[in-house]
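Asker: Sharing data17.csv, CSV, C-alpha atoms and all ligand atoms:
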chain,number,residue,atom,x,y,z
A,1,MET,CA,20.5,-17.7,-30.3
A,2,LYS,CA,23.1,-16.1,-28.1
A,3,ALA,CA,26.5,-17.7,-27.4
A,4,ALA,CA,29.6,-16.6,-25.6
A,5,GLN,CA,32.4,-17.1,-28.1
A,6,ILE,CA,36.0,-16.3,-28.9
A,7,ASN,CA,37.2,-15.2,-32.3
A,8,ASN,CA,40.8,-15.5,-31.2
A,9,TYR,CA,42.6,-16.7,-28.1
A,10,GLY,CA,43.0,-14.2,-25.3
A,11,HIS,CA,42.1,-13.0,-21.8
A,12,ALA,CA,38.5,-12.5,-20.5
A,13,ASP,CA,37.9,-9.6,-22.8
A,14,ALA,CA,38.3,-11.9,-25.8
A,15,VAL,CA,34.9,-13.4,-25.0
A,16,LYS,CA,32.0,-11.9,-26.9
A,17,VAL,CA,28.3,-12.7,-26.6
A,18,GLN,CA,27.1,-12.9,-30.1
A,19,GLU,CA,24.1,-14.1,-32.2
A,20,VAL,CA,24.8,-17.5,-33.8
A,21,ALA,CA,22.8,-20.2,-35.6
A,22,LYS,CA,21.1,-22.7,-33.3
A,23,PRO,CA,23.0,-26.0,-33.5
A,24,VAL,CA,21.4,-29.0,-35.2
A,25,PRO,CA,21.8,-32.3,-33.3
A,26,GLY,CA,23.7,-34.9,-35.4
A,27,ASN,CA,23.5,-38.7,-35.3
A,28,GLY,CA,23.6,-39.8,-31.7
A,29,GLN,CA,23.3,-36.3,-30.4
A,30,VAL,CA,20.6,-34.3,-28.4
A,31,LEU,CA,19.9,-30.6,-28.5
A,32,VAL,CA,19.7,-29.1,-25.0
A,33,GLU,CA,18.0,-25.9,-24.2
A,34,VAL,CA,20.7,-24.7,-21.7
A,35,HIS,CA,19.4,-23.3,-18.5
A,36,ALA,CA,22.7,-23.1,-16.7
A,37,SER,CA,26.4,-23.7,-17.0
A,38,SER,CA,29.5,-23.2,-14.7
A,39,ILE,CA,33.1,-22.2,-15.2
A,40,ASN,CA,35.9,-24.6,-14.7
A,41,PRO,CA,39.7,-23.9,-14.9
A,42,PHE,CA,39.7,-25.8,-18.2
A,43,ASP,CA,37.5,-23.1,-19.8
A,44,SER,CA,40.1,-20.5,-19.1
A,45,MET,CA,42.8,-22.7,-20.6
A,46,VAL,CA,40.8,-23.2,-23.8
A,47,ARG,CA,40.2,-19.4,-24.0
A,48,GLU,CA,43.8,-18.6,-23.5
A,49,GLY,CA,44.9,-21.1,-26.2
A,50,PHE,CA,47.0,-23.3,-23.8
A,51,LEU,CA,45.7,-26.3,-25.8
A,52,LYS,CA,46.2,-24.9,-29.2
A,53,ASP,CA,49.1,-27.2,-30.1
A,54,THR,CA,47.2,-30.4,-29.2
A,55,ILE,CA,43.6,-29.6,-30.0
A,56,LEU,CA,42.7,-27.8,-33.2
A,57,LEU,CA,39.6,-25.6,-32.9
A,58,ASN,CA,37.9,-23.6,-35.6
A,59,PHE,CA,36.9,-20.0,-34.7
A,60,PRO,CA,34.6,-18.8,-33.6
A,61,VAL,CA,34.6,-21.1,-30.6
A,62,THR,CA,31.7,-21.3,-28.1
A,63,LEU,CA,33.3,-21.8,-24.7
A,64,GLY,CA,32.1,-23.9,-21.8
A,65,GLY,CA,31.6,-27.5,-20.9
A,66,ASP,CA,29.1,-28.0,-18.0
A,67,ILE,CA,25.4,-27.8,-18.8
A,68,SER,CA,22.0,-28.4,-17.3
A,69,GLY,CA,18.8,-27.9,-19.2
A,70,ILE,CA,16.0,-29.5,-21.1
A,71,ILE,CA,16.2,-31.7,-24.2
A,72,SER,CA,14.5,-29.9,-27.0
A,73,GLU,CA,15.5,-32.1,-30.0
A,74,ILE,CA,16.7,-35.6,-30.5
A,75,GLY,CA,19.1,-36.6,-33.3
A,76,GLU,CA,19.0,-39.9,-35.2
A,77,GLY,CA,19.8,-43.0,-33.3
A,78,VAL,CA,19.0,-41.6,-29.8
A,79,SER,CA,16.6,-43.8,-27.8
A,80,ASP,CA,17.7,-43.3,-24.2
A,81,PHE,CA,16.3,-39.7,-23.9
A,82,LYS,CA,13.1,-37.9,-25.0
A,83,ILE,CA,12.2,-34.3,-25.6
A,84,GLY,CA,11.4,-32.6,-22.3
A,85,ASP,CA,13.9,-34.6,-20.2
A,86,LYS,CA,15.8,-32.5,-17.6
A,87,VAL,CA,19.5,-33.3,-18.1
A,88,TYR,CA,23.0,-32.3,-16.9
A,89,GLY,CA,26.3,-33.1,-18.5
A,90,GLN,CA,29.0,-31.9,-20.9
A,91,ALA,CA,28.8,-30.0,-24.1
A,92,ASN,CA,32.5,-28.9,-24.6
A,93,VAL,CA,33.7,-28.2,-28.2
A,94,VAL,CA,36.8,-30.0,-27.2
A,95,GLY,CA,34.7,-33.2,-27.0
A,96,GLY,CA,33.0,-32.6,-30.3
A,97,ALA,CA,29.9,-30.7,-28.9
A,98,SER,CA,28.8,-27.2,-29.8
A,99,GLY,CA,29.8,-25.5,-26.5
A,100,ALA,CA,28.0,-24.8,-23.2
A,101,PHE,CA,27.9,-21.0,-22.8
A,102,ALA,CA,25.0,-20.7,-25.2
A,103,GLU,CA,21.2,-20.8,-25.2
A,104,PHE,CA,21.2,-24.2,-27.0
A,105,ALA,CA,23.9,-26.9,-27.1
A,106,SER,CA,24.2,-30.1,-29.2
A,107,THR,CA,26.1,-32.9,-27.6
A,108,LYS,CA,26.3,-36.7,-27.7
A,109,SER,CA,23.5,-38.3,-25.7
A,110,SER,CA,26.3,-40.3,-23.9
A,111,GLN,CA,27.5,-36.9,-22.5
A,112,VAL,CA,24.2,-36.2,-20.6
A,113,GLY,CA,22.3,-37.9,-17.8
A,114,LYS,CA,19.1,-37.3,-15.8
A,115,MET,CA,19.5,-34.2,-13.7
A,116,PRO,CA,19.6,-34.8,-9.9
A,117,ALA,CA,15.9,-34.5,-8.7
A,118,ASN,CA,16.7,-32.3,-5.7
A,119,LEU,CA,19.0,-29.7,-7.4
A,120,ASN,CA,18.1,-26.6,-9.4
A,121,TYR,CA,19.8,-25.9,-12.8
A,122,THR,CA,22.7,-23.8,-11.5
A,123,ASP,CA,23.7,-26.3,-8.8
A,124,SER,CA,23.3,-29.2,-11.3
A,125,ALA,CA,25.6,-27.5,-13.9
A,126,ALA,CA,28.1,-26.7,-11.1
A,127,ILE,CA,28.5,-30.4,-10.1
A,128,VAL,CA,29.2,-31.9,-13.5
A,129,MET,CA,33.0,-31.6,-14.0
A,130,THR,CA,33.8,-31.3,-10.3
A,131,GLY,CA,31.5,-34.2,-9.3
A,132,LEU,CA,32.6,-36.6,-12.0
A,133,SER,CA,36.3,-35.8,-11.3
A,134,ALA,CA,35.9,-36.5,-7.5
A,135,TYR,CA,33.9,-39.6,-8.2
A,136,GLN,CA,36.4,-41.1,-10.6
A,137,VAL,CA,39.3,-40.5,-8.3
A,138,ILE,CA,37.7,-41.5,-4.9
A,139,TYR,CA,35.6,-44.4,-6.1
A,140,GLU,CA,37.5,-45.8,-9.0
A,141,HIS,CA,41.2,-45.0,-8.8
A,142,MET,CA,41.5,-45.1,-5.1
A,143,ASN,CA,38.7,-47.4,-4.1
A,144,LEU,CA,38.7,-45.5,-0.8
A,145,ARG,CA,37.5,-47.5,2.2
A,146,ALA,CA,36.3,-46.9,5.7
A,147,GLY,CA,39.2,-46.4,8.2
A,148,GLN,CA,41.7,-45.2,5.6
A,149,THR,CA,43.3,-41.8,5.7
A,150,ILE,CA,43.2,-39.4,2.7
A,151,LEU,CA,45.0,-36.1,2.2
A,152,ILE,CA,43.0,-33.8,-0.1
A,153,HIS,CA,44.9,-30.8,-1.5
A,154,GLY,CA,42.7,-27.8,-2.3
A,155,GLY,CA,39.8,-29.0,-0.2
A,156,ALA,CA,37.8,-25.7,-0.7
A,157,GLY,CA,38.0,-25.9,-4.5
A,158,GLY,CA,35.4,-27.2,-6.8
A,159,ILE,CA,36.7,-30.8,-7.0
A,160,GLY,CA,38.2,-30.9,-3.5
A,161,SER,CA,35.0,-29.9,-1.8
A,162,VAL,CA,33.1,-32.7,-3.5
A,163,ALA,CA,36.0,-35.1,-2.7
A,164,ILE,CA,35.8,-34.3,1.0
A,165,GLN,CA,32.1,-35.2,1.1
A,166,MET,CA,32.6,-38.5,-0.7
A,167,ALA,CA,35.5,-39.5,1.4
A,168,LYS,CA,33.6,-38.8,4.6
A,169,HIS,CA,30.6,-40.7,3.3
A,170,LEU,CA,32.9,-43.8,2.8
A,171,GLY,CA,34.2,-43.6,6.4
A,172,ALA,CA,37.7,-42.3,5.7
A,173,HIS,CA,39.7,-39.9,7.9
A,174,VAL,CA,40.0,-36.7,5.9
A,175,ILE,CA,43.0,-34.3,6.1
A,176,THR,CA,42.8,-31.3,3.8
A,177,THR,CA,44.7,-28.2,2.8
A,178,ALA,CA,42.9,-24.8,2.5
A,179,SER,CA,43.3,-21.1,3.2
A,180,GLY,CA,41.4,-18.1,4.4
A,181,GLU,CA,37.6,-18.5,4.3
A,182,GLY,CA,38.1,-21.9,2.8
A,183,ILE,CA,39.2,-23.3,6.2
A,184,LYS,CA,35.7,-22.9,7.8
A,185,PHE,CA,34.2,-24.2,4.6
A,186,VAL,CA,36.1,-27.5,4.6
A,187,LYS,CA,35.4,-27.9,8.3
A,188,ASP,CA,31.7,-27.5,7.7
A,189,LEU,CA,32.0,-30.2,4.9
A,190,GLY,CA,33.3,-32.6,7.5
A,191,ALA,CA,37.1,-32.5,7.2
A,192,ASP,CA,38.7,-34.0,10.3
A,193,GLU,CA,42.0,-32.1,10.1
A,194,VAL,CA,42.7,-28.8,8.2
A,195,ILE,CA,46.1,-27.5,7.3
A,196,ASP,CA,46.4,-23.8,6.3
A,197,TYR,CA,48.6,-24.1,3.3
A,198,ARG,CA,49.7,-20.5,3.5
A,199,SER,CA,51.1,-20.7,7.0
A,200,GLN,CA,51.8,-24.4,7.5
A,201,LYS,CA,53.8,-27.1,5.6
A,202,PHE,CA,51.7,-30.2,5.1
A,203,GLU,CA,54.8,-32.3,4.6
A,204,ASP,CA,55.9,-31.5,8.2
A,205,LEU,CA,52.5,-32.3,9.7
A,206,VAL,CA,51.2,-35.4,7.8
A,207,THR,CA,52.6,-38.9,7.6
A,208,GLY,CA,51.5,-42.4,6.6
A,209,VAL,CA,48.4,-41.6,4.7
A,210,ASP,CA,46.8,-44.2,2.4
A,211,ALA,CA,45.9,-41.8,-0.3
A,212,VAL,CA,46.6,-38.3,-1.6
A,213,PHE,CA,44.2,-36.5,-3.9
A,214,ASP,CA,46.1,-33.7,-5.6
A,215,THR,CA,44.1,-30.9,-7.3
A,216,VAL,CA,47.1,-28.4,-7.1
A,217,GLY,CA,50.2,-29.9,-8.7
A,218,GLY,CA,53.7,-28.4,-8.7
A,219,GLU,CA,55.8,-28.8,-5.6
A,220,THR,CA,52.6,-29.8,-3.7
A,221,TYR,CA,52.5,-32.9,-5.9
A,222,ASP,CA,56.2,-33.8,-5.5
A,223,LYS,CA,56.2,-33.3,-1.7
A,224,SER,CA,53.1,-35.5,-1.3
A,225,PHE,CA,55.0,-38.7,-2.0
A,226,GLY,CA,56.8,-38.4,1.3
A,227,VAL,CA,53.6,-38.3,3.4
A,228,MET,CA,52.2,-41.6,2.2
A,229,LYS,CA,52.6,-45.1,3.5
A,230,MET,CA,54.2,-47.8,1.3
A,231,GLY,CA,51.5,-49.2,-1.0
A,232,GLY,CA,49.6,-45.9,-1.0
A,233,VAL,CA,48.2,-44.1,-4.0
A,234,ILE,CA,48.4,-40.5,-5.2
A,235,VAL,CA,46.0,-39.3,-7.9
A,236,SER,CA,46.6,-36.0,-9.5
A,237,MET,CA,44.3,-33.8,-11.5
A,238,THR,CA,47.2,-31.8,-12.9
A,239,THR,CA,50.4,-33.9,-13.1
A,240,GLN,CA,51.5,-37.0,-15.0
A,241,PRO,CA,52.9,-39.7,-12.7
A,242,ASN,CA,56.4,-39.2,-11.5
A,243,LYS,CA,58.0,-42.7,-11.9
A,244,ASP,CA,61.1,-41.9,-9.9
A,245,LEU,CA,59.2,-40.7,-6.8
A,246,SER,CA,56.7,-43.5,-7.2
A,247,GLU,CA,59.4,-46.1,-7.0
A,248,LYS,CA,61.4,-44.3,-4.3
A,249,PHE,CA,58.4,-44.2,-1.9
A,250,GLY,CA,56.7,-47.5,-3.0
A,251,VAL,CA,53.4,-45.9,-3.9
A,252,SER,CA,51.3,-45.8,-7.1
A,253,ALA,CA,50.8,-42.6,-9.0
A,254,ILE,CA,47.9,-42.0,-11.3
A,255,TYR,CA,46.9,-39.0,-13.5
A,256,GLN,CA,43.2,-38.5,-13.6
A,257,SER,CA,41.6,-37.6,-16.9
A,258,THR,CA,38.0,-37.0,-16.3
A,259,HIS,CA,35.4,-38.6,-18.7
A,260,THR,CA,31.7,-38.2,-18.9
A,261,SER,CA,29.1,-40.9,-19.4
A,262,THR,CA,25.3,-41.2,-18.8
A,263,GLU,CA,26.1,-44.0,-16.4
A,264,GLN,CA,28.6,-42.0,-14.3
A,265,LEU,CA,26.2,-39.0,-14.3
A,266,GLY,CA,23.6,-41.4,-12.9
A,267,GLU,CA,25.9,-42.5,-10.1
A,268,LEU,CA,26.7,-38.9,-9.3
A,269,ALA,CA,23.0,-38.0,-9.3
A,270,LYS,CA,22.3,-40.9,-6.9
A,271,LEU,CA,24.9,-39.5,-4.4
A,272,VAL,CA,23.4,-36.0,-4.7
A,273,ASN,CA,19.8,-37.3,-4.3
A,274,GLU,CA,20.9,-39.3,-1.2
A,275,GLY,CA,22.3,-36.1,0.3
A,276,VAL,CA,25.9,-37.4,0.3
A,277,VAL,CA,27.1,-34.6,-2.0
A,278,ASN,CA,25.9,-31.0,-1.6
A,279,VAL,CA,26.9,-28.3,-4.0
A,280,ARG,CA,27.9,-24.7,-3.1
A,281,VAL,CA,27.6,-22.1,-5.8
A,282,ASP,CA,29.1,-18.9,-4.6
A,283,LYS,CA,28.0,-16.6,-7.3
A,284,VAL,CA,25.7,-16.7,-10.3
A,285,PHE,CA,26.3,-14.6,-13.4
A,286,THR,CA,24.2,-14.2,-16.5
A,287,LEU,CA,25.4,-15.1,-20.0
A,288,ASN,CA,25.9,-11.4,-20.7
A,289,GLN,CA,28.2,-11.2,-17.7
A,290,ILE,CA,30.5,-13.9,-18.9
A,291,LYS,CA,33.5,-11.7,-19.1
A,292,GLU,CA,33.0,-10.6,-15.5
A,293,ALA,CA,32.5,-14.2,-14.5
A,294,PHE,CA,35.8,-15.2,-16.0
A,295,GLU,CA,37.5,-12.2,-14.3
A,296,ALA,CA,36.0,-13.0,-10.9
A,297,ARG,CA,37.2,-16.6,-11.2
A,298,GLU,CA,40.7,-15.8,-12.3
A,299,SER,CA,41.2,-12.9,-9.8
A,300,GLY,CA,40.3,-15.3,-6.9
A,301,SER,CA,37.7,-12.7,-5.7
A,302,VAL,CA,35.0,-15.3,-5.7
A,303,LYS,CA,35.6,-18.6,-3.9
A,304,GLY,CA,34.1,-21.9,-4.9
A,305,LYS,CA,32.0,-22.5,-8.0
A,306,LEU,CA,30.7,-19.8,-10.3
A,307,ALA,CA,27.5,-20.6,-12.2
A,308,ILE,CA,26.2,-19.0,-15.4
A,309,LYS,CA,22.4,-18.7,-15.5
A,310,ILE,CA,21.4,-18.8,-19.1
A,311,LYS,CA,17.6,-19.1,-19.0
A,312,ASP,CA,15.3,-17.8,-16.2
A,401,LIG,N1,42.7,-33.8,-15.6
A,401,LIG,C1,41.4,-33.6,-15.8
A,401,LIG,O1,40.6,-34.2,-16.4
A,401,LIG,C2,40.9,-32.4,-15.0
A,401,LIG,C3,39.5,-32.2,-14.9
A,401,LIG,C4,39.0,-31.1,-14.1
A,401,LIG,C5,39.9,-30.3,-13.5
A,401,LIG,N2,41.2,-30.5,-13.7
A,401,LIG,C6,42.2,-29.6,-13.0
A,401,LIG,O2,42.1,-29.8,-11.6
A,401,LIG,C7,42.5,-28.6,-10.9
A,401,LIG,C8,41.4,-28.3,-9.8
A,401,LIG,O3,40.2,-28.0,-10.4
A,401,LIG,P1,39.0,-27.2,-9.5
A,401,LIG,O4,37.9,-27.1,-10.4
A,401,LIG,O5,38.9,-27.9,-8.2
A,401,LIG,O6,39.7,-25.8,-9.3
A,401,LIG,P2,39.4,-24.7,-8.2
A,401,LIG,O7,37.9,-24.7,-7.9
A,401,LIG,O8,40.0,-23.4,-8.7
A,401,LIG,O9,40.1,-25.1,-6.9
A,401,LIG,C9,41.5,-25.1,-6.7
A,401,LIG,C10,41.8,-25.0,-5.2
A,401,LIG,O10,43.2,-25.2,-5.0
A,401,LIG,C11,43.5,-24.4,-3.9
A,401,LIG,N3,45.0,-24.1,-3.9
A,401,LIG,C12,45.7,-23.3,-4.6
A,401,LIG,N4,47.0,-23.4,-4.3
A,401,LIG,C13,47.1,-24.3,-3.3
A,401,LIG,C14,48.1,-24.9,-2.6
A,401,LIG,N5,49.4,-24.5,-2.8
A,401,LIG,N6,47.8,-25.8,-1.6
A,401,LIG,C15,46.6,-26.2,-1.4
A,401,LIG,N7,45.5,-25.7,-2.1
A,401,LIG,C16,45.8,-24.8,-3.0
A,401,LIG,C17,42.7,-23.1,-4.1
A,401,LIG,O11,42.5,-22.5,-2.8
A,401,LIG,P3,42.5,-20.9,-2.6
A,401,LIG,O12,41.0,-20.6,-2.7
A,401,LIG,O13,43.0,-20.8,-1.2
A,401,LIG,O14,43.4,-20.3,-3.6
A,401,LIG,C18,41.4,-23.7,-4.6
A,401,LIG,O15,40.5,-23.9,-3.5
A,401,LIG,C19,42.7,-27.5,-11.9
A,401,LIG,O16,44.0,-27.4,-12.2
A,401,LIG,C20,41.9,-28.1,-13.2
A,401,LIG,O17,42.5,-27.6,-14.4
A,401,LIG,C21,41.7,-31.5,-14.4
Do you think you could lay out the structure here as structure tokens?
Ligand SMILES: NC(=O)c1ccc[n+]([C@@H]2O[C@H](COP(=O)([O-])OP(=O)(O)OC[C@H]3O[C@@H](n4cnc5c(N)ncnc54)[C@H](OP(=O)(O)O)[C@@H]3O)[C@@H](O)[C@H]2O)c1
Answerer:
Amino acid sequence: MKAAQINNYGHADAVKVQEVAKPVPGNGQVLVEVHASSINPFDSMVREGFLKDTILLNFPVTLGGDISGIISEIGEGVSDFKIGDKVYGQANVVGGASGAFAEFASTKSSQVGKMPANLNYTDSAAIVMTGLSAYQVIYEHMNLRAGQTILIHGGAGGIGSVAIQMAKHLGAHVITTASGEGIKFVKDLGADEVIDYRSQKFEDLVTGVDAVFDTVGGETYDKSFGVMKMGGVIVSMTTQPNKDLSEKFGVSAIYQSTHTSTEQLGELAKLVNEGVVNVRVDKVFTLNQIKEAFEARESGSVKGKLAIKIKD
């Protein structure tokens, strides 16, 4: 089978599509015939070797995490899925799976769930990491409620765009930061107030919010503490809690580490099936175009999610 692999850490041109042996599903695993995947910032980090001091990987490494496809084999001890089930989920080597940018991927059955009934393969793959991240922040860490105000940084991004839809569904007032074409996009998603982060300073315009969802980090994270009310919560996808700022402003700070489970994928699929969450894939690449897909993502020339179509 074909897989997009790296034999060493590097830029997009380090990725090679090569013939490799089809993985064999181990105990508790399923083998998925992968129909689609999508690229997340984490995939670039793995490729560049940013995690090499904390996560030991054996080359060659098949990149990619998000998958959608059809179960083609079942490992021992798996009873919750059967051959032929349409699933979506995670198959990242970092989580002990065989990697998503490949024609087949083996992964723990707990890492997949039934695919949303009303989505195609590319949209399903594109919602896995972004949808689970937004779900865990909005529904679990924040327990966001009707009437509350949330500031979402990076509203036009993969995670931010899902977060806006969930927050609006729960009845919250949504303020978000975006730029360029992203401004119209977040308005169309239902954002109540949009701040152009390239020409405006959110810290001068926002005050007293109940929650901040930070998908950006850096000084955006630090400056967010001053726009919250006492007792508020900031959840960051990128930054560990700053205890000093948290105490100074009387807010709780949480770092989100996204996890995958069949149950959570089921909750996400329910929201997708009910029409609460829609997916926007901006461009679809093939497995052979994986280098171009990484380059497009990293140059910022394509906005929103990039999907990788692996099987027609
Ligand atoms: N901790 C975890 O478990 C976990 C899991 C998943 C993702 N993450 C991290 O979460 C972050 C977001 O992921 P994603 O998939 O949503 O990325 P993404 O699709 O690339 O979105 C990032 C968004 O941030 C916007 N942005 C950049 N600088 C900004 C600024 N100064 N102010 C406001 N917005 C700004 C970008 O807007 P423009 O288009 O205008 O540049 C883009 O829309 C990444 O750093 C990723 O590594 C962490």
Asker: Taking the point (47.6, -36.2, -6.0) as given in the file, collect each protein or nucleic acid residue that comes within 7 Å of it, counting all atoms listed in the file, and present the set as number ranges by chain.
Answerer: A: 212-215, 221, 234-237
Asker: Taking only C-alpha atoms into account, which of A:Lys2, A:His141, A:His169, A:Lys187 comes nearest Gly232 of chain A?
Answerer: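 Smallest distance to Gly232 of chain A is found for A:His141.
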Asker: Could you tell me, counting only C-alpha atoms and all ligand atoms, which protein and nucleic acid residues lie no more than 9 Å from ligand LIG 401 (chain A), written as an NGL selection string?
Answerer: :A and (39-45 or 129-130 or 132-133 or 152-162 or 176-183 or 195-198 or 202 or 214-220 or 236-239 or 255-259 or 297-298 or 300 or 302-305)
Asker: Would you kindly return, as a ChimeraX atom specification, each protein, DNA or RNA residue with an atom no farther than 6 Å from any atom of segment 277-290 of chain A, considering all atoms listed in the file and excluding same-chain residues fewer than 4 positions away?
Answerer: /A:165,271-272,304-310
Asker: May I have the residues from that selection written out with C-alpha atoms, as a PDB file, keeping the file's coordinate frame?
Answerer:
ATOM      1  CA  GLN A 165      32.100 -35.200   1.100  1.00  0.00           C
ATOM      2  CA  LEU A 271      24.900 -39.500  -4.400  1.00  0.00           C
ATOM      3  CA  VAL A 272      23.400 -36.000  -4.700  1.00  0.00           C
ATOM      4  CA  GLY A 304      34.100 -21.900  -4.900  1.00  0.00           C
ATOM      5  CA  LYS A 305      32.000 -22.500  -8.000  1.00  0.00           C
ATOM      6  CA  LEU A 306      30.700 -19.800 -10.300  1.00  0.00           C
ATOM      7  CA  ALA A 307      27.500 -20.600 -12.200  1.00  0.00           C
ATOM      8  CA  ILE A 308      26.200 -19.000 -15.400  1.00  0.00           C
ATOM      9  CA  LYS A 309      22.400 -18.700 -15.500  1.00  0.00           C
ATOM     10  CA  ILE A 310      21.400 -18.800 -19.100  1.00  0.00           C
TER      11      ILE A 310
END
Asker: Can you tell me, as a ChimeraX atom specification, what residues are no more than 12 Å from Val93 of chain A when counting all atoms listed in the file, ignoring any on the same chain fewer than 4 positions away?
Answerer: /A:5,42-43,46-47,55-66,97-102,105-108
Asker: Using only C-alpha atoms, can you tell me which of A:Ser199, A:Glu48, A:Thr207, A:Lys291 comes closest to Val17 of chain A?
Answerer: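 With only C-alpha atoms as the atom set, the closest residue is A:Lys291.
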Asker: Check the smallest atom-to-atom distance from each of A:Ser261, A:Asp222, A:Asn120, A:Met230 to Leu245 of chain A using only C-alpha atoms, then report the winner.
Answerer: A:Asp222
Asker: Which polymer residues, whether protein, DNA or RNA, lie within 6 Å of the coordinate (36.6, -36.1, -3.8) when you count all atoms listed in the file? List them as a ChimeraX atom specification, using the chain letters and numbers from the file.
Answerer: /A:134,138,160,162-164,166
Asker: Report, in Å with one decimal, the straight-line distance from atom CA of Asn143 of chain A to atom CA of Leu170 of chain A.
Answerer: 9.7 Å
Asker: Output segment 200-213 of chain A with N, CA and C atoms present, as a tab-separated table (two decimals), in the coordinates of the input.
Answerer:
chain	number	residue	atom	x	y	z
A	200	GLN	N	51.29	-23.13	7.00
A	200	GLN	CA	51.80	-24.40	7.50
A	200	GLN	C	52.30	-25.26	6.35
A	201	LYS	N	53.24	-26.17	6.68
A	201	LYS	CA	53.80	-27.10	5.60
A	201	LYS	C	53.16	-28.46	5.88
A	202	PHE	N	52.35	-28.89	4.93
A	202	PHE	CA	51.70	-30.20	5.10
A	202	PHE	C	52.70	-31.32	5.28
A	203	GLU	N	53.85	-31.16	4.60
A	203	GLU	CA	54.80	-32.30	4.60
A	203	GLU	C	55.50	-32.41	6.00
A	204	ASP	N	55.37	-31.37	6.86
A	204	ASP	CA	55.90	-31.50	8.20
A	204	ASP	C	54.83	-32.03	9.19
A	205	LEU	N	53.59	-32.02	8.77
A	205	LEU	CA	52.50	-32.30	9.70
A	205	LEU	C	51.80	-33.66	9.40
A	206	VAL	N	51.96	-34.16	8.19
A	206	VAL	CA	51.20	-35.40	7.80
A	206	VAL	C	52.19	-36.49	7.53
A	207	THR	N	51.78	-37.70	7.93
A	207	THR	CA	52.60	-38.90	7.60
A	207	THR	C	51.75	-40.12	7.53
A	208	GLY	N	52.19	-41.05	6.70
A	208	GLY	CA	51.50	-42.40	6.60
A	208	GLY	C	50.13	-42.43	6.12
A	209	VAL	N	49.76	-41.52	5.22
A	209	VAL	CA	48.40	-41.60	4.70
A	209	VAL	C	48.26	-42.66	3.62
A	210	ASP	N	47.04	-43.16	3.46
A	210	ASP	CA	46.80	-44.20	2.40
A	210	ASP	C	46.68	-43.61	1.05
A	211	ALA	N	46.16	-42.38	0.98
A	211	ALA	CA	45.90	-41.80	-0.30
A	211	ALA	C	46.06	-40.30	-0.32
A	212	VAL	N	46.53	-39.77	-1.46
A	212	VAL	CA	46.60	-38.30	-1.60
A	212	VAL	C	45.82	-37.95	-2.89
A	213	PHE	N	44.92	-36.99	-2.75
A	213	PHE	CA	44.20	-36.50	-3.90
A	213	PHE	C	44.71	-35.08	-4.17
